[in-house]
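Dropping run_11.cif in here (mmCIF, C-alpha atoms):
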data_structure
#
loop_
_atom_site.label_atom_id
_atom_site.label_comp_id
_atom_site.auth_asym_id
_atom_site.auth_seq_id
_atom_site.Cartn_x
_atom_site.Cartn_y
_atom_site.Cartn_z
CA ILE A 494 -49.57 -45.96 -5.98
CA MET A 495 -46.09 -45.66 -7.53
CA ALA A 496 -47.35 -43.02 -9.94
CA ALA A 497 -48.84 -41.04 -7.08
CA LEU A 498 -45.58 -41.31 -5.12
CA SER A 499 -43.61 -40.17 -8.15
CA VAL A 500 -45.87 -37.14 -8.62
CA TRP A 501 -45.57 -36.32 -4.92
CA PHE A 502 -41.78 -36.75 -4.83
CA TRP A 503 -41.11 -34.75 -8.01
CA ASN A 504 -43.41 -31.91 -7.04
CA GLU A 505 -42.13 -29.02 -9.12
CA ARG A 506 -43.03 -26.51 -6.44
CA PHE A 507 -40.45 -28.22 -4.25
CA TRP A 508 -37.68 -28.80 -6.78
CA LEU A 509 -37.86 -25.78 -9.08
CA PRO A 510 -37.91 -22.01 -8.67
CA HIS A 511 -41.20 -20.16 -8.85
CA ASN A 512 -42.85 -19.99 -12.30
CA VAL A 513 -40.75 -22.90 -13.62
CA THR A 514 -42.22 -26.34 -14.39
CA TRP A 515 -40.81 -29.70 -15.47
CA ALA A 516 -42.53 -29.17 -18.82
CA ASP A 517 -40.38 -26.10 -19.41
CA LEU A 518 -37.27 -28.27 -19.10
CA ALA A 519 -38.61 -31.36 -20.88
CA ASP A 520 -38.57 -29.95 -24.42
CA PRO A 521 -35.45 -27.82 -24.97
CA ALA A 522 -34.37 -26.40 -28.31
CA PRO A 523 -32.73 -28.75 -30.85
CA GLY A 524 -29.17 -29.59 -29.85
CA VAL A 525 -29.76 -28.48 -26.26
CA GLU A 526 -30.11 -30.86 -23.32
CA TYR A 527 -30.98 -30.25 -19.69
CA PRO A 528 -30.22 -32.67 -16.84
CA LYS A 529 -32.86 -35.31 -16.15
CA ALA A 530 -33.14 -37.42 -13.01
CA GLY A 531 -33.09 -40.57 -15.13
CA HIS A 532 -29.50 -39.82 -16.13
CA LEU A 533 -28.46 -40.66 -12.56
CA LEU A 534 -29.37 -44.32 -13.03
CA SER A 535 -26.28 -44.74 -15.21
CA ALA A 536 -24.17 -44.16 -12.08
CA LEU A 537 -25.26 -47.51 -10.56
CA PRO A 538 -23.77 -49.83 -13.22
CA LEU A 539 -20.80 -47.46 -13.33
CA ALA A 540 -20.35 -47.97 -9.57
CA VAL A 541 -20.23 -51.73 -10.14
CA GLY A 542 -17.70 -51.22 -12.92
CA ILE A 543 -15.55 -48.95 -10.73
CA PHE A 544 -15.58 -51.57 -7.98
CA ALA A 545 -14.54 -54.26 -10.47
CA VAL A 546 -11.71 -52.05 -11.78
CA ARG A 547 -10.63 -51.49 -8.20
CA ILE A 548 -10.34 -55.24 -7.55
CA LEU A 549 -8.24 -55.70 -10.70
CA PHE A 550 -6.11 -52.64 -9.88
CA GLU A 551 -5.35 -53.84 -6.36
CA ARG A 552 -4.57 -57.35 -7.60
CA PHE A 553 -2.38 -56.62 -10.62
CA ILE A 554 -0.95 -53.13 -10.00
CA ALA A 555 -1.07 -52.15 -6.32
CA SER A 556 0.10 -55.52 -4.96
CA PRO A 557 3.19 -55.74 -7.22
CA CYS A 558 4.07 -52.15 -6.26
CA ALA A 559 3.78 -53.11 -2.60
CA PHE A 560 6.08 -56.10 -3.10
CA LEU A 561 8.65 -53.84 -4.78
CA LEU A 562 8.59 -51.73 -1.62
CA HIS A 563 9.00 -54.88 0.51
CA ILE A 564 5.45 -54.71 1.88
CA HIS A 565 4.01 -58.18 2.34
CA ALA A 566 0.94 -59.69 3.94
CA ALA A 567 2.18 -60.43 7.43
CA SER A 568 1.06 -63.70 8.94
CA VAL A 569 -0.54 -63.75 12.38
CA HIS A 570 1.98 -65.31 14.75
CA TRP A 571 -0.44 -65.91 17.60
CA ARG A 572 -3.88 -67.29 16.83
CA ALA A 573 -6.61 -67.57 19.40
CA THR A 574 -7.31 -71.13 20.52
CA PRO A 575 -10.71 -72.23 19.14
CA ASN A 576 -13.31 -71.77 21.86
CA PRO A 577 -17.06 -71.72 21.00
CA VAL A 578 -18.06 -69.75 24.12
CA LEU A 579 -15.53 -66.97 23.66
CA GLU A 580 -16.08 -66.91 19.90
CA LYS A 581 -19.80 -66.34 20.44
CA VAL A 582 -19.08 -63.47 22.81
CA PHE A 583 -16.56 -62.01 20.38
CA THR A 584 -18.82 -62.13 17.31
CA SER A 585 -22.20 -61.41 18.92
CA ILE A 586 -21.63 -59.28 22.03
CA THR A 587 -18.29 -57.49 22.32
CA LYS A 588 -14.71 -57.66 21.12
CA CYS A 589 -13.45 -55.94 24.29
CA PRO A 590 -15.25 -57.40 27.33
CA ASP A 591 -15.36 -55.36 30.53
CA SER A 592 -14.17 -56.63 33.92
CA ARG A 593 -17.59 -57.94 34.94
CA ARG A 594 -17.97 -60.01 31.78
CA LEU A 595 -14.38 -61.24 32.11
CA ASP A 596 -15.10 -62.46 35.65
CA GLY A 597 -18.21 -64.28 34.43
CA LEU A 598 -16.34 -65.96 31.59
CA SER A 599 -13.53 -66.89 33.99
CA LYS A 600 -15.95 -68.72 36.23
CA GLN A 601 -17.79 -70.33 33.31
CA LEU A 602 -14.64 -71.65 31.61
CA ASP A 603 -12.48 -72.03 34.71
CA TRP A 604 -9.86 -69.87 33.00
CA ASP A 605 -7.66 -67.18 34.47
CA VAL A 606 -8.84 -63.64 33.59
CA ARG A 607 -5.49 -62.83 32.01
CA LYS A 608 -5.78 -65.88 29.79
CA ILE A 609 -9.19 -64.69 28.59
CA GLN A 610 -7.85 -61.20 27.96
CA ARG A 611 -4.99 -62.70 25.97
CA TRP A 612 -7.47 -64.78 23.95
CA PHE A 613 -9.48 -61.67 23.00
CA ARG A 614 -6.31 -59.77 22.11
CA HIS A 615 -5.13 -62.55 19.80
CA ARG A 616 -8.61 -62.86 18.31
CA ARG A 617 -8.74 -59.14 17.55
CA ASN A 618 -5.32 -59.29 15.92
CA GLN A 619 -6.54 -62.06 13.62
CA ASP A 620 -9.13 -59.71 12.12
CA LYS A 621 -6.82 -56.76 11.61
CA PRO A 622 -6.00 -56.05 7.97
CA SER A 623 -2.39 -56.35 6.90
CA ILE A 624 -0.27 -53.40 5.80
CA LEU A 625 -0.47 -54.86 2.27
CA THR A 626 -4.27 -54.59 2.31
CA LYS A 627 -4.11 -51.01 3.56
CA PHE A 628 -1.48 -50.12 0.96
CA CYS A 629 -3.57 -51.47 -1.92
CA GLU A 630 -6.71 -49.67 -0.75
CA SER A 631 -4.87 -46.35 -0.34
CA MET A 632 -3.13 -46.66 -3.71
CA TRP A 633 -6.48 -47.18 -5.46
CA ARG A 634 -7.97 -44.14 -3.76
CA LEU A 635 -4.88 -42.06 -4.53
CA ILE A 636 -5.10 -42.84 -8.26
CA PHE A 637 -8.84 -42.21 -8.47
CA TYR A 638 -8.84 -39.01 -6.40
CA LEU A 639 -5.88 -37.64 -8.35
CA PHE A 640 -7.55 -38.50 -11.66
CA MET A 641 -10.84 -36.83 -10.68
CA PHE A 642 -9.11 -33.75 -9.29
CA THR A 643 -7.00 -33.37 -12.45
CA TYR A 644 -10.06 -33.85 -14.67
CA GLY A 645 -12.06 -31.37 -12.58
CA ILE A 646 -9.37 -28.67 -12.71
CA CYS A 647 -8.85 -29.08 -16.47
CA PHE A 648 -12.60 -28.96 -17.10
CA LEU A 649 -13.42 -26.07 -14.75
CA TRP A 650 -10.44 -23.97 -15.89
CA LYS A 651 -12.35 -23.27 -19.13
CA CYS A 652 -15.69 -22.64 -17.38
CA PRO A 653 -16.76 -19.06 -16.55
CA TRP A 654 -18.29 -20.06 -13.18
CA MET A 655 -14.84 -21.10 -11.97
CA TRP A 656 -13.80 -17.44 -12.05
CA ASP A 657 -17.12 -15.75 -11.34
CA THR A 658 -19.60 -17.74 -9.28
CA HIS A 659 -22.48 -15.51 -10.41
CA HIS A 660 -22.41 -17.61 -13.60
CA CYS A 661 -23.75 -20.50 -11.51
CA TRP A 662 -27.10 -18.69 -11.42
CA TYR A 663 -27.35 -16.77 -14.70
CA ASN A 664 -30.39 -18.02 -16.64
CA TYR A 665 -31.01 -20.69 -14.00
CA PRO A 666 -32.42 -23.37 -14.37
CA TYR A 667 -32.17 -23.13 -18.17
CA GLN A 668 -28.49 -24.07 -18.25
CA VAL A 669 -27.23 -26.46 -20.90
CA LEU A 670 -25.83 -29.85 -19.87
CA THR A 671 -22.45 -30.30 -21.58
CA PRO A 672 -20.82 -33.74 -22.09
CA GLY A 673 -17.87 -32.77 -19.89
CA LEU A 674 -20.11 -31.75 -16.99
CA TYR A 675 -22.23 -34.89 -17.38
CA HIS A 676 -19.21 -37.22 -17.29
CA TYR A 677 -17.71 -35.37 -14.31
CA TYR A 678 -20.92 -35.65 -12.34
CA VAL A 679 -21.84 -39.25 -13.16
CA THR A 680 -18.29 -40.53 -12.55
CA GLU A 681 -18.12 -38.84 -9.14
CA LEU A 682 -21.56 -40.19 -8.25
CA GLY A 683 -20.59 -43.70 -9.37
CA PHE A 684 -17.42 -43.57 -7.28
CA TYR A 685 -19.25 -42.47 -4.12
CA TRP A 686 -21.89 -45.14 -4.66
CA SER A 687 -19.06 -47.70 -4.86
CA LEU A 688 -17.63 -46.28 -1.59
CA MET A 689 -21.05 -46.55 0.06
CA PHE A 690 -21.15 -50.27 -0.76
CA SER A 691 -17.48 -51.09 -0.22
CA GLN A 692 -17.35 -49.29 3.14
CA PHE A 693 -18.91 -52.39 4.69
CA THR A 694 -16.12 -54.61 3.32
CA ASP A 695 -13.17 -52.18 3.52
CA ILE A 696 -10.94 -51.66 6.54
CA LYS A 697 -13.14 -50.70 9.50
CA ARG A 698 -12.15 -47.33 10.96
CA LYS A 699 -13.14 -45.45 14.07
CA ASP A 700 -14.92 -42.77 12.05
CA PHE A 701 -17.14 -45.27 10.20
CA PRO A 702 -20.41 -43.48 11.20
CA ILE A 703 -19.02 -40.06 10.20
CA MET A 704 -17.76 -41.40 6.87
CA PHE A 705 -21.10 -43.10 6.19
CA ILE A 706 -22.92 -39.80 6.83
CA HIS A 707 -20.38 -38.06 4.60
CA HIS A 708 -20.89 -40.51 1.70
CA LEU A 709 -24.67 -40.36 2.14
CA ALA A 710 -24.65 -36.54 2.17
CA THR A 711 -22.34 -36.51 -0.87
CA VAL A 712 -24.52 -38.91 -2.88
CA SER A 713 -27.61 -36.91 -1.91
CA LEU A 714 -25.96 -33.61 -2.82
CA ILE A 715 -24.78 -34.85 -6.21
CA SER A 716 -28.16 -36.41 -6.99
CA PHE A 717 -30.27 -33.46 -5.83
CA SER A 718 -28.08 -30.84 -7.49
CA TYR A 719 -28.22 -32.82 -10.75
CA ALA A 720 -32.01 -33.21 -10.61
CA ASN A 721 -32.62 -29.47 -10.28
CA ASN A 722 -29.70 -28.44 -12.53
CA MET A 723 -27.35 -26.98 -9.93
CA LEU A 724 -24.47 -28.69 -11.71
CA ARG A 725 -22.29 -25.62 -12.01
CA VAL A 726 -21.95 -24.96 -8.31
CA GLY A 727 -21.96 -28.73 -7.70
CA SER A 728 -18.87 -29.13 -9.88
CA LEU A 729 -17.10 -26.52 -7.72
CA VAL A 730 -18.05 -28.42 -4.56
CA MET A 731 -16.62 -31.67 -5.96
CA CYS A 732 -13.37 -30.04 -7.06
CA VAL A 733 -12.82 -28.42 -3.65
CA HIS A 734 -13.30 -31.78 -1.92
CA ASP A 735 -10.99 -33.66 -4.30
CA ALA A 736 -8.13 -31.19 -3.75
CA SER A 737 -6.82 -32.71 -0.51
CA ASP A 738 -8.04 -36.32 -0.59
CA PHE A 739 -5.25 -37.66 -2.81
CA LEU A 740 -2.60 -36.05 -0.56
CA LEU A 741 -3.94 -37.96 2.45
CA GLU A 742 -3.70 -41.25 0.56
CA ALA A 743 -0.17 -40.39 -0.63
CA ALA A 744 0.89 -39.69 2.97
CA LYS A 745 -0.52 -43.03 4.10
CA LEU A 746 1.29 -44.87 1.29
CA THR A 747 4.65 -43.41 2.26
CA ASN A 748 4.00 -44.34 5.87
CA TYR A 749 3.25 -47.95 4.94
CA ALA A 750 6.49 -47.95 2.90
CA LYS A 751 8.37 -46.43 5.89
CA TYR A 752 9.51 -43.28 4.08
CA GLN A 753 9.00 -41.23 7.22
CA ARG A 754 10.42 -37.86 6.14
CA LEU A 755 8.40 -37.89 2.92
CA CYS A 756 5.39 -38.98 4.93
CA ASP A 757 5.81 -36.05 7.33
CA PHE A 758 6.07 -33.60 4.42
CA LEU A 759 2.99 -35.01 2.66
CA PHE A 760 0.96 -34.94 5.85
CA VAL A 761 1.84 -31.29 6.49
CA LEU A 762 0.96 -30.49 2.87
CA PHE A 763 -2.32 -32.40 3.20
CA ALA A 764 -3.22 -30.58 6.42
CA VAL A 765 -2.50 -27.16 4.89
CA VAL A 766 -4.52 -27.91 1.74
CA PHE A 767 -7.34 -29.42 3.82
CA PHE A 768 -7.62 -26.39 6.09
CA ILE A 769 -7.49 -23.96 3.16
CA THR A 770 -10.04 -25.78 0.99
CA ARG A 771 -12.48 -26.94 3.70
CA LEU A 772 -12.32 -24.06 6.19
CA VAL A 773 -11.58 -21.11 3.88
CA LEU A 774 -12.51 -21.77 0.23
CA TYR A 775 -15.57 -23.88 0.95
CA PRO A 776 -17.39 -21.40 3.24
CA LEU A 777 -16.15 -18.18 1.59
CA TRP A 778 -16.46 -19.35 -2.03
CA ILE A 779 -19.03 -22.16 -2.17
CA LEU A 780 -21.38 -21.34 0.71
CA ASN A 781 -21.22 -17.65 -0.15
CA THR A 782 -22.60 -18.26 -3.63
CA THR A 783 -25.17 -20.90 -2.64
CA LEU A 784 -26.52 -18.94 0.34
CA PHE A 785 -26.19 -15.28 -0.68
CA GLU A 786 -25.57 -14.86 -4.42
CA SER A 787 -28.28 -17.38 -5.32
CA TRP A 788 -30.68 -15.71 -2.86
CA GLU A 789 -30.21 -12.39 -4.66
CA MET A 790 -30.39 -13.80 -8.20
CA ILE A 791 -33.05 -16.54 -8.08
CA GLY A 792 -34.48 -16.36 -4.56
CA PRO A 793 -35.04 -19.28 -2.16
CA TYR A 794 -37.44 -22.16 -2.80
CA PRO A 795 -37.93 -25.52 -0.96
CA SER A 796 -35.17 -27.57 -2.62
CA TRP A 797 -32.84 -24.57 -2.26
CA TRP A 798 -33.18 -24.94 1.51
CA LEU A 799 -32.51 -28.69 1.29
CA PHE A 800 -29.45 -28.22 -0.91
CA ASN A 801 -27.94 -25.63 1.41
CA SER A 802 -28.76 -27.73 4.48
CA LEU A 803 -26.73 -30.60 3.04
CA LEU A 804 -23.87 -28.23 2.23
CA LEU A 805 -23.92 -27.03 5.84
CA VAL A 806 -23.84 -30.66 7.07
CA LEU A 807 -20.63 -31.10 5.08
CA GLN A 808 -19.22 -27.95 6.66
CA VAL A 809 -19.88 -29.36 10.14
CA LEU A 810 -18.03 -32.53 9.14
CA HIS A 811 -15.15 -30.39 7.83
CA VAL A 812 -14.84 -28.74 11.23
CA ILE A 813 -14.86 -32.14 13.01
CA TRP A 814 -12.18 -33.54 10.70
CA SER A 815 -10.07 -30.39 11.01
CA TYR A 816 -10.18 -30.77 14.78
CA LEU A 817 -9.09 -34.42 14.53
CA ILE A 818 -6.27 -33.61 12.11
CA ALA A 819 -5.04 -30.74 14.27
CA GLY A 820 -5.15 -33.00 17.34
CA ILE A 821 -3.10 -35.69 15.61
CA ALA A 822 -0.52 -33.17 14.45
CA TYR A 823 -0.28 -31.60 17.90
CA LYS A 824 0.16 -34.93 19.69
CA ALA A 825 2.76 -36.03 17.18
CA LEU A 826 4.74 -32.81 17.59
CA VAL A 827 4.56 -33.05 21.39
CA ARG A 828 5.83 -36.63 21.27
CA GLY A 829 8.68 -35.52 19.05
CA LYS A 830 9.74 -32.82 21.52
CA VAL A 831 9.45 -35.10 24.54
CA GLY A 832 11.52 -37.73 22.83
CA GLY A 833 14.10 -35.19 21.71
CA LYS A 834 13.50 -36.06 18.04
CA SER A 835 13.71 -33.74 15.08
CA LEU A 836 10.68 -32.86 12.97
CA GLY A 837 11.64 -35.49 10.43
CA GLY A 838 11.40 -38.19 13.08
CA SER A 839 8.38 -36.82 14.89
CA LYS A 840 6.04 -39.17 13.07
CA LEU A 841 3.43 -36.70 11.98
CA LEU A 842 1.48 -39.63 10.58
CA PRO A 843 1.67 -41.84 13.70
CA PHE A 844 1.05 -45.56 13.96
CA LYS A 845 0.11 -47.50 17.04
CA ASN A 846 2.15 -50.58 17.67
CA ASP A 847 -0.81 -52.94 18.03
CA GLY A 848 -0.98 -54.49 14.60
CA GLY A 849 0.07 -51.41 12.64
CA HIS A 850 -3.21 -49.55 12.97
CA CYS A 851 -2.89 -46.16 11.29
CA VAL A 852 -4.25 -43.36 13.42
CA LEU A 853 -4.58 -40.95 10.51
CA GLY A 854 -6.24 -43.71 8.54
CA ASP A 855 -9.18 -43.28 10.90
CA LEU A 856 -9.84 -39.93 9.27
#
Give the structure from the file, written as structure tokens.
Amino acid sequence: IMAALSVWFWNERFWLPHNVTWADLADPAPGVEYPKAGHLLSALPLAVGIFAVRILFERFIASPCAFLLHIHAASVHWRATPNPVLEKVFTSITKCPDSRRLDGLSKQLDWDVRKIQRWFRHRRNQDKPSILTKFCESMWRLIFYLFMFTYGICFLWKCPWMWDTHHCWYNYPYQVLTPGLYHYYVTELGFYWSLMFSQFTDIKRKDFPIMFIHHLATVSLISFSYANNMLRVGSLVMCVHDASDFLLEAAKLTNYAKYQRLCDFLFVLFAVVFFITRLVLYPLWILNTTLFESWEMIGPYPSWWLFNSLLLVLQVLHVIWSYLIAGIAYKALVRGKVGGKSLGGSKLLPFKNDGGHCVLGDL
């Protein structure tokens, strides 16, 4: 059964262009190697290793840096009184009960409604991560994103497809797998696998479903493009996405450290780079070559449609995030004008007061 499923899944008429078979790619010339799906398995232990490095980094590097900036794990001043009934509602049903449920609980416990509301508020505050936790998580992501972006730029600068995207399709799919391209791909895949797993233990954000779809689409894109040797255009996609991510984490770090003017500057820089890379470069550079140049040079085939569908899913997410970022910036600027504050004090990376929840962190 497994053999039959494998044959069905790896149907070469789906994955490869017309008149190309897996056998054509299985036995290259001496000293030449093509990507193989089995190579992707090395990303799983790498993901575990990346997660382990992250734990050590946050413990021995990020935390001391936070203490130097006077960021400490704040203790919860008000803890909810232990109550089995309310705890069951909180953990199993809802963390924010509506008025009807509040009235029912009030009658059941013979408590005032305001007292129950206060209990739920204190209970929610107990679960909120401290600024120290957020700082350590953002510092880890900053270092990794910056490292991958720097590596990607240095690697792609010497590659012809960086300057002429037609090279992504010359002699396709008989394109040699170089060590630099292999390491770039597998490291990115390992990192996103680690994010897929750690998302369930990291700070919970409002855009959890969108981020999960994003990570899933990214892992699928990296895996599929590797399996059918679309690594050249895939490396461009990864570099474009890494260009703004580290700036977002840097802006969040400066906000946690209360360097507001630097935070405002970094957020503006992040927004500009994000809009340019995701709304200009990505569609005009990446989608142009995957949809139109590849159509002219190699023609469409089933996995070509899948690959481009996933790229278009990412573009939809880019538009959603751009809308959210623009909305945050607009609200922050309006608040600054209403309050008579200058741009430096307009809090372009705003925080709510309830437990230090970072609004931009939800992106």
**Item:** Target residues per the PyMOL selection byres ((chain A and resi 615) around 9), formatted as a list in words
**Value:**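 On the file shown, the PyMOL selection byres ((chain A and resi 615) around 9) covers Val569, Trp571, Arg572, Ala573, Thr574, Gln610, Arg611, Trp612, Phe613, Arg614, Arg616, Arg617, Asn618 and Gln619 of chain A.
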Convert the current residue selection to file output with C-alpha atoms, as a PDB file, keeping the file's coordinate frame.
ATOM      1  CA  VAL A 569      -0.540 -63.750  12.380  1.00  0.00           C
ATOM      2  CA  TRP A 571      -0.440 -65.910  17.600  1.00  0.00           C
ATOM      3  CA  ARG A 572      -3.880 -67.290  16.830  1.00  0.00           C
ATOM      4  CA  ALA A 573      -6.610 -67.570  19.400  1.00  0.00           C
ATOM      5  CA  THR A 574      -7.310 -71.130  20.520  1.00  0.00           C
ATOM      6  CA  GLN A 610      -7.850 -61.200  27.960  1.00  0.00           C
ATOM      7  CA  ARG A 611      -4.990 -62.700  25.970  1.00  0.00           C
ATOM      8  CA  TRP A 612      -7.470 -64.780  23.950  1.00  0.00           C
ATOM      9  CA  PHE A 613      -9.480 -61.670  23.000  1.00  0.00           C
ATOM     10  CA  ARG A 614      -6.310 -59.770  22.110  1.00  0.00           C
ATOM     11  CA  ARG A 616      -8.610 -62.860  18.310  1.00  0.00           C
ATOM     12  CA  ARG A 617      -8.740 -59.140  17.550  1.00  0.00           C
ATOM     13  CA  ASN A 618      -5.320 -59.290  15.920  1.00  0.00           C
ATOM     14  CA  GLN A 619      -6.540 -62.060  13.620  1.00  0.00           C
TER      15      GLN A 619
END
**Message:** Could you tell me how far CA of Leu780 in chain A sits from CA of Ser802 in chain A, in Å to one decimal place?
**Reply:**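 Interatomic distance, CA of Ser802 in chain A to CA of Leu780 in chain A: 10.5 Å.
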**Request:** Go ahead and compute the interatomic distance for CA of Leu625 in chain A and CA of Phe640 in chain A, in Å to one decimal.
**Result:** 22.6 Å
**Prompt:** CA of Phe800 in chain A and CA of Trp515 in chain A, how far apart in Å?
**Reply:**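 These two atoms are separated by 18.5 Å.
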Could you write out as a JSON list (two decimals) with C-alpha atoms, in the coordinates of the input the residues that the PyMOL selection byres ((chain A and resi 762-772) around 9) matches in the shown file?
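Just written: result_15.json:
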[["chain", "number", "residue", "atom", "x", "y", "z"],
["A", 733, "VAL", "CA", -12.82, -28.42, -3.65],
["A", 734, "HIS", "CA", -13.30, -31.78, -1.92],
["A", 736, "ALA", "CA", -8.13, -31.19, -3.75],
["A", 737, "SER", "CA", -6.82, -32.71, -0.51],
["A", 738, "ASP", "CA", -8.04, -36.32, -0.59],
["A", 739, "PHE", "CA", -5.25, -37.66, -2.81],
["A", 740, "LEU", "CA", -2.60, -36.05, -0.56],
["A", 741, "LEU", "CA", -3.94, -37.96, 2.45],
["A", 744, "ALA", "CA", 0.89, -39.69, 2.97],
["A", 757, "ASP", "CA", 5.81, -36.05, 7.33],
["A", 758, "PHE", "CA", 6.07, -33.60, 4.42],
["A", 759, "LEU", "CA", 2.99, -35.01, 2.66],
["A", 760, "PHE", "CA", 0.96, -34.94, 5.85],
["A", 761, "VAL", "CA", 1.84, -31.29, 6.49],
["A", 773, "VAL", "CA", -11.58, -21.11, 3.88],
["A", 774, "LEU", "CA", -12.51, -21.77, 0.23],
["A", 775, "TYR", "CA", -15.57, -23.88, 0.95],
["A", 776, "PRO", "CA", -17.39, -21.40, 3.24],
["A", 777, "LEU", "CA", -16.15, -18.18, 1.59],
["A", 808, "GLN", "CA", -19.22, -27.95, 6.66],
["A", 811, "HIS", "CA", -15.15, -30.39, 7.83],
["A", 812, "VAL", "CA", -14.84, -28.74, 11.23],
["A", 815, "SER", "CA", -10.07, -30.39, 11.01],
["A", 818, "ILE", "CA", -6.27, -33.61, 12.11],
["A", 819, "ALA", "CA", -5.04, -30.74, 14.27],
["A", 822, "ALA", "CA", -0.52, -33.17, 14.45]]
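Considering all atoms listed in the file, the residue among A:Ala750, A:Ala536, A:Val525, A:Ala497 positioned nearest to Pro672 in chain A is A:Val525.
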**Item:** Selection: 8 Å around range 700-716 of chain A, all atoms listed in the file, excl. self and same-chain fewer than 4 positions, as number ranges by chain
**Value:** A: 530, 533, 678, 682, 685-686, 688-689, 692, 720, 727, 800, 803-804, 806-807, 810, 855-856
**Asked** Using all atoms listed in the file, which residue out of A:Leu649, A:Leu805, A:Met723, A:Leu562 lies closest to Pro510 in chain A?
**Response**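 Nearest to Pro510 in chain A: A:Met723.
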Name the residues that the PyMOL selection byres ((chain A and resi 796) around 12) pulls out of this structure, and write them as a PDB file with C-alpha atoms, keeping the file's coordinate frame.
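Output below, filename expr.pdb:
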ATOM      1  CA  PHE A 502     -41.780 -36.750  -4.830  1.00  0.00           C
ATOM      2  CA  TRP A 503     -41.110 -34.750  -8.010  1.00  0.00           C
ATOM      3  CA  ASN A 504     -43.410 -31.910  -7.040  1.00  0.00           C
ATOM      4  CA  GLU A 505     -42.130 -29.020  -9.120  1.00  0.00           C
ATOM      5  CA  ARG A 506     -43.030 -26.510  -6.440  1.00  0.00           C
ATOM      6  CA  PHE A 507     -40.450 -28.220  -4.250  1.00  0.00           C
ATOM      7  CA  TRP A 508     -37.680 -28.800  -6.780  1.00  0.00           C
ATOM      8  CA  LEU A 509     -37.860 -25.780  -9.080  1.00  0.00           C
ATOM      9  CA  PRO A 510     -37.910 -22.010  -8.670  1.00  0.00           C
ATOM     10  CA  HIS A 511     -41.200 -20.160  -8.850  1.00  0.00           C
ATOM     11  CA  LEU A 714     -25.960 -33.610  -2.820  1.00  0.00           C
ATOM     12  CA  PHE A 717     -30.270 -33.460  -5.830  1.00  0.00           C
ATOM     13  CA  SER A 718     -28.080 -30.840  -7.490  1.00  0.00           C
ATOM     14  CA  TYR A 719     -28.220 -32.820 -10.750  1.00  0.00           C
ATOM     15  CA  ALA A 720     -32.010 -33.210 -10.610  1.00  0.00           C
ATOM     16  CA  ASN A 721     -32.620 -29.470 -10.280  1.00  0.00           C
ATOM     17  CA  ASN A 722     -29.700 -28.440 -12.530  1.00  0.00           C
ATOM     18  CA  MET A 723     -27.350 -26.980  -9.930  1.00  0.00           C
ATOM     19  CA  GLY A 792     -34.480 -16.360  -4.560  1.00  0.00           C
ATOM     20  CA  PRO A 793     -35.040 -19.280  -2.160  1.00  0.00           C
ATOM     21  CA  TYR A 794     -37.440 -22.160  -2.800  1.00  0.00           C
ATOM     22  CA  PRO A 795     -37.930 -25.520  -0.960  1.00  0.00           C
ATOM     23  CA  TRP A 797     -32.840 -24.570  -2.260  1.00  0.00           C
ATOM     24  CA  TRP A 798     -33.180 -24.940   1.510  1.00  0.00           C
ATOM     25  CA  LEU A 799     -32.510 -28.690   1.290  1.00  0.00           C
ATOM     26  CA  PHE A 800     -29.450 -28.220  -0.910  1.00  0.00           C
ATOM     27  CA  ASN A 801     -27.940 -25.630   1.410  1.00  0.00           C
ATOM     28  CA  SER A 802     -28.760 -27.730   4.480  1.00  0.00           C
ATOM     29  CA  LEU A 803     -26.730 -30.600   3.040  1.00  0.00           C
TER      30      LEU A 803
END
**Request:** Select, from A:Asp735, A:Ser728, A:Val500, A:Leu561, the residue with the minimum atom-to-atom distance to Thr658 in chain A, counting only C-alpha atoms.
**Result:**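 Closest residue, counting only C-alpha atoms: A:Ser728.
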**Prompt:** Taking into account only C-alpha atoms, which residue in the set A:Leu635, A:Lys608, A:Leu755, A:Thr626 is nearest to Phe560 in chain A?
**Reply:** A:Thr626
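Distance check against Ser556 in chain A using all atoms listed in the file: of A:Phe684, A:Phe583, A:Phe693, A:Trp633, the minimum falls on A:Trp633.
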**Request:** Give as a list in words the set of residues within 10 Å of the point (-9.3, -47.3, -3.9), where distances use the file's coordinates and only C-alpha atoms.
**Result:**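 The requested residues, written out, are Ile543, Phe544, Val546, Arg547, Ile548, Phe550, Glu551, Ala555, Lys627, Phe628, Cys629, Glu630, Ser631, Met632, Trp633, Arg634, Leu635, Ile636, Phe637, Tyr638, Phe684, Ser687, Leu688, Ser691, Asp695 and Glu742 of chain A.
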Could you dump the residues just selected with C-alpha atoms as a short mmCIF file (atom, residue, chain, number, x, y, z; two decimals), keeping the file's coordinate frame?
data_model
loop_
_atom_site.label_atom_id
_atom_site.label_comp_id
_atom_site.auth_asym_id
_atom_site.auth_seq_id
_atom_site.Cartn_x
_atom_site.Cartn_y
_atom_site.Cartn_z
CA ILE A 543 -15.55 -48.95 -10.73
CA PHE A 544 -15.58 -51.57 -7.98
CA VAL A 546 -11.71 -52.05 -11.78
CA ARG A 547 -10.63 -51.49 -8.20
CA ILE A 548 -10.34 -55.24 -7.55
CA PHE A 550 -6.11 -52.64 -9.88
CA GLU A 551 -5.35 -53.84 -6.36
CA ALA A 555 -1.07 -52.15 -6.32
CA LYS A 627 -4.11 -51.01 3.56
CA PHE A 628 -1.48 -50.12 0.96
CA CYS A 629 -3.57 -51.47 -1.92
CA GLU A 630 -6.71 -49.67 -0.75
CA SER A 631 -4.87 -46.35 -0.34
CA MET A 632 -3.13 -46.66 -3.71
CA TRP A 633 -6.48 -47.18 -5.46
CA ARG A 634 -7.97 -44.14 -3.76
CA LEU A 635 -4.88 -42.06 -4.53
CA ILE A 636 -5.10 -42.84 -8.26
CA PHE A 637 -8.84 -42.21 -8.47
CA TYR A 638 -8.84 -39.01 -6.40
CA PHE A 684 -17.42 -43.57 -7.28
CA SER A 687 -19.06 -47.70 -4.86
CA LEU A 688 -17.63 -46.28 -1.59
CA SER A 691 -17.48 -51.09 -0.22
CA ASP A 695 -13.17 -52.18 3.52
CA GLU A 742 -3.70 -41.25 0.56
#
